[in-house]
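Beneath this line is the structure, given in structure tokens, with notes to follow.
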Amino acid sequence: MSSSPLSSSIADLRKSYERAELGEDASLADPLAQFDQWLQQALAAQVPEPNAMTLATVGPDLRPSTRIVLVKGYDERGIVWFTNYDSRKGRQLAGNPFAALQFHWVELERVVRIEGTVEKVDDAESDAYFKSRPLDSRIGAWASPQSQVIPGRGVLVANAARYGAQFLLSPPRPPHWGGYRLKPEQWEFWQGRKSRLHDRLRYRADGGQWVRERLAP
């Protein structure tokens with residue numbers, strides 16, 4: 001079967017990665033510190049949505065699914081985001097508490113991949129973040145039955161109006177909404193390099209320590 005002109009043009013796309021390098025001597029021994037350094041550089045470079053990450057989960061049918069979420073915090077305990085617990089990702093995490101995250105900062109020719117176990121953050125942390133959100137976002141958490149089939153956008157608008165009238169300026173955190181924390185068991189830092197000889201450094205947990213290894217691209 002011959003390829004279409006469109007698929008041929010896609011196959012011909014090429015990019016030479018030459019912005020930076022990632023060597024063992026230049027990288028940090030702690031992957032969290034390395035991640036923080038790269039994220040701060042992405043913020044300084046004003047790349048679009050530097051806090052956006054792909055979240056991959058697996059359902060009971062063993063089929064993976066991905067979506068974009070926003071990182072809202074990170075420390076030695078793990079990486080945090082917030083969402084609807086009744087969403088597809090929430091249901092999948094309830095049955096299989098393992099996930100993978102990926103940051104892709106195209107302009108910097110960098111990717112960070114993180115894999116590990118996931119648990120809900122405590123209520124106090126979820127409450128604190130929920131209160132910091134804009135009012136329309138807090139109402140939206142009540143208005144949207146995330147991942148459920150709805151007949152049209154009018155359902156969302158009507159729900160938002162109803163909950164807005166009910167809660168006014170002080171909507172409480174919905175019981176079905178809150179945070180998750182991924183505890184990393186493995187990190188990978190990818191830096192694009194010329195001739196497709198990219199730099200890939202993996203950090204894996206081993207006996208309470210991080211082992212840093214170079215992977216072939």
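Every chain in the structure tokens takes a letter, A first, then B, and so on in the order presented; its residues are numbered from 1, and the ligands are numbered from 1 following the presented order.
The list of residues with at least one atom within 9 Å of Arg173 in chain A, based on only C-alpha atoms and without residues fewer than 5 positions apart in the same chain, reads Ser126, Asp127, Phe130, Lys131, Arg138, Ala141, Trp142 and Gly178 of chain A.
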Could you take the residues named above and write them with all heavy atoms, as an mmCIF file, in the first residue's frame?
```
data_model
loop_
_atom_site.group_PDB
_atom_site.id
_atom_site.type_symbol
_atom_site.label_atom_id
_atom_site.label_comp_id
_atom_site.auth_asym_id
_atom_site.auth_seq_id
_atom_site.Cartn_x
_atom_site.Cartn_y
_atom_site.Cartn_z
ATOM 1 N N SER A 126 -5.815 18.703 50.459
ATOM 2 C CA SER A 126 -6.796 18.946 49.407
ATOM 3 C C SER A 126 -7.640 20.180 49.717
ATOM 4 O O SER A 126 -7.931 20.993 48.830
ATOM 5 C CB SER A 126 -7.697 17.722 49.229
ATOM 6 O OG SER A 126 -6.992 16.652 48.634
ATOM 7 N N ASP A 127 -8.054 20.329 50.984
ATOM 8 C CA ASP A 127 -8.857 21.489 51.372
ATOM 9 C C ASP A 127 -8.092 22.789 51.149
ATOM 10 O O ASP A 127 -8.635 23.767 50.632
ATOM 11 C CB ASP A 127 -9.256 21.384 52.854
ATOM 12 C CG ASP A 127 -10.309 20.324 53.120
ATOM 13 O OD1 ASP A 127 -11.004 19.922 52.162
ATOM 14 O OD2 ASP A 127 -10.437 19.900 54.283
ATOM 15 N N PHE A 130 -7.861 23.522 47.423
ATOM 16 C CA PHE A 130 -9.176 23.876 46.873
ATOM 17 C C PHE A 130 -9.532 25.318 47.213
ATOM 18 O O PHE A 130 -10.032 26.066 46.357
ATOM 19 C CB PHE A 130 -10.245 22.923 47.405
ATOM 20 C CG PHE A 130 -11.583 23.086 46.745
ATOM 21 C CD1 PHE A 130 -11.818 22.564 45.478
ATOM 22 C CD2 PHE A 130 -12.612 23.772 47.384
ATOM 23 C CE1 PHE A 130 -13.045 22.725 44.863
ATOM 24 C CE2 PHE A 130 -13.845 23.932 46.774
ATOM 25 C CZ PHE A 130 -14.067 23.402 45.504
ATOM 26 N N LYS A 131 -9.263 25.754 48.427
ATOM 27 C CA LYS A 131 -9.586 27.118 48.842
ATOM 28 C C LYS A 131 -8.769 28.153 48.074
ATOM 29 O O LYS A 131 -9.188 29.316 47.951
ATOM 30 C CB LYS A 131 -9.348 27.275 50.344
ATOM 31 C CG LYS A 131 -10.347 26.525 51.207
ATOM 32 C CD LYS A 131 -10.025 26.680 52.690
ATOM 33 C CE LYS A 131 -10.997 25.904 53.560
ATOM 34 N NZ LYS A 131 -10.666 26.002 55.008
ATOM 35 N N ARG A 138 -13.715 26.427 41.555
ATOM 36 C CA ARG A 138 -14.315 25.686 42.671
ATOM 37 C C ARG A 138 -15.752 25.279 42.341
ATOM 38 O O ARG A 138 -16.170 24.150 42.622
ATOM 39 C CB ARG A 138 -14.262 26.531 43.948
ATOM 40 C CG ARG A 138 -12.873 26.604 44.568
ATOM 41 C CD ARG A 138 -12.873 27.472 45.806
ATOM 42 N NE ARG A 138 -12.804 28.878 45.458
ATOM 43 C CZ ARG A 138 -13.230 29.876 46.227
ATOM 44 N NH1 ARG A 138 -13.782 29.603 47.405
ATOM 45 N NH2 ARG A 138 -13.105 31.124 45.838
ATOM 46 N N ALA A 141 -15.747 22.335 39.873
ATOM 47 C CA ALA A 141 -15.512 21.017 40.454
ATOM 48 C C ALA A 141 -16.811 20.349 40.870
ATOM 49 O O ALA A 141 -16.926 19.119 40.860
ATOM 50 C CB ALA A 141 -14.575 21.144 41.656
ATOM 51 N N TRP A 142 -17.796 21.151 41.247
ATOM 52 C CA TRP A 142 -19.125 20.622 41.566
ATOM 53 C C TRP A 142 -19.943 20.381 40.303
ATOM 54 O O TRP A 142 -20.729 19.434 40.217
ATOM 55 C CB TRP A 142 -19.883 21.606 42.468
ATOM 56 C CG TRP A 142 -19.447 21.588 43.890
ATOM 57 C CD1 TRP A 142 -18.535 22.408 44.496
ATOM 58 C CD2 TRP A 142 -19.909 20.702 44.916
ATOM 59 N NE1 TRP A 142 -18.389 22.095 45.825
ATOM 60 C CE2 TRP A 142 -19.228 21.051 46.113
ATOM 61 C CE3 TRP A 142 -20.828 19.646 44.940
ATOM 62 C CZ2 TRP A 142 -19.449 20.384 47.316
ATOM 63 C CZ3 TRP A 142 -21.044 18.980 46.138
ATOM 64 C CH2 TRP A 142 -20.362 19.347 47.307
ATOM 65 N N GLY A 178 -10.074 15.945 44.892
ATOM 66 C CA GLY A 178 -8.919 16.118 45.774
ATOM 67 C C GLY A 178 -7.618 15.779 45.071
ATOM 68 O O GLY A 178 -7.564 15.669 43.837
#
```
Practice problem: Name the residues of range 19-154 of chain A that fall into helix (DSSP H, G or I) according to DSSP on the backbone, using the chain letters and numbers of this document, as a ChimeraX atom specification. | Solution: /A:31-44,88-95,106-108,123-132,135-143,153-154
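Nearest residue to Ile79 in chain A, choosing from A:Lys194, A:Arg153, A:His176, A:Lys183 and counting only C-alpha atoms: A:Lys183.
Of the residues under consideration (A:Tyr203, A:Trp105, A:Phe82, A:Tyr163), A:Phe82 shows the shortest atom-to-atom contact distance to Arg181 in chain A when counting only C-alpha atoms.
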Exercise. Identify which of the residues A:Asp86, A:Asp36, A:Glu49, A:Glu107 lies closest to Tyr74 in chain A, counting only C-alpha atoms when measuring atom-to-atom distances.
Key: A:Asp36
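Between CA of Arg113 in chain A and CA of Val47 in chain A there is a distance of 18.0 Å.
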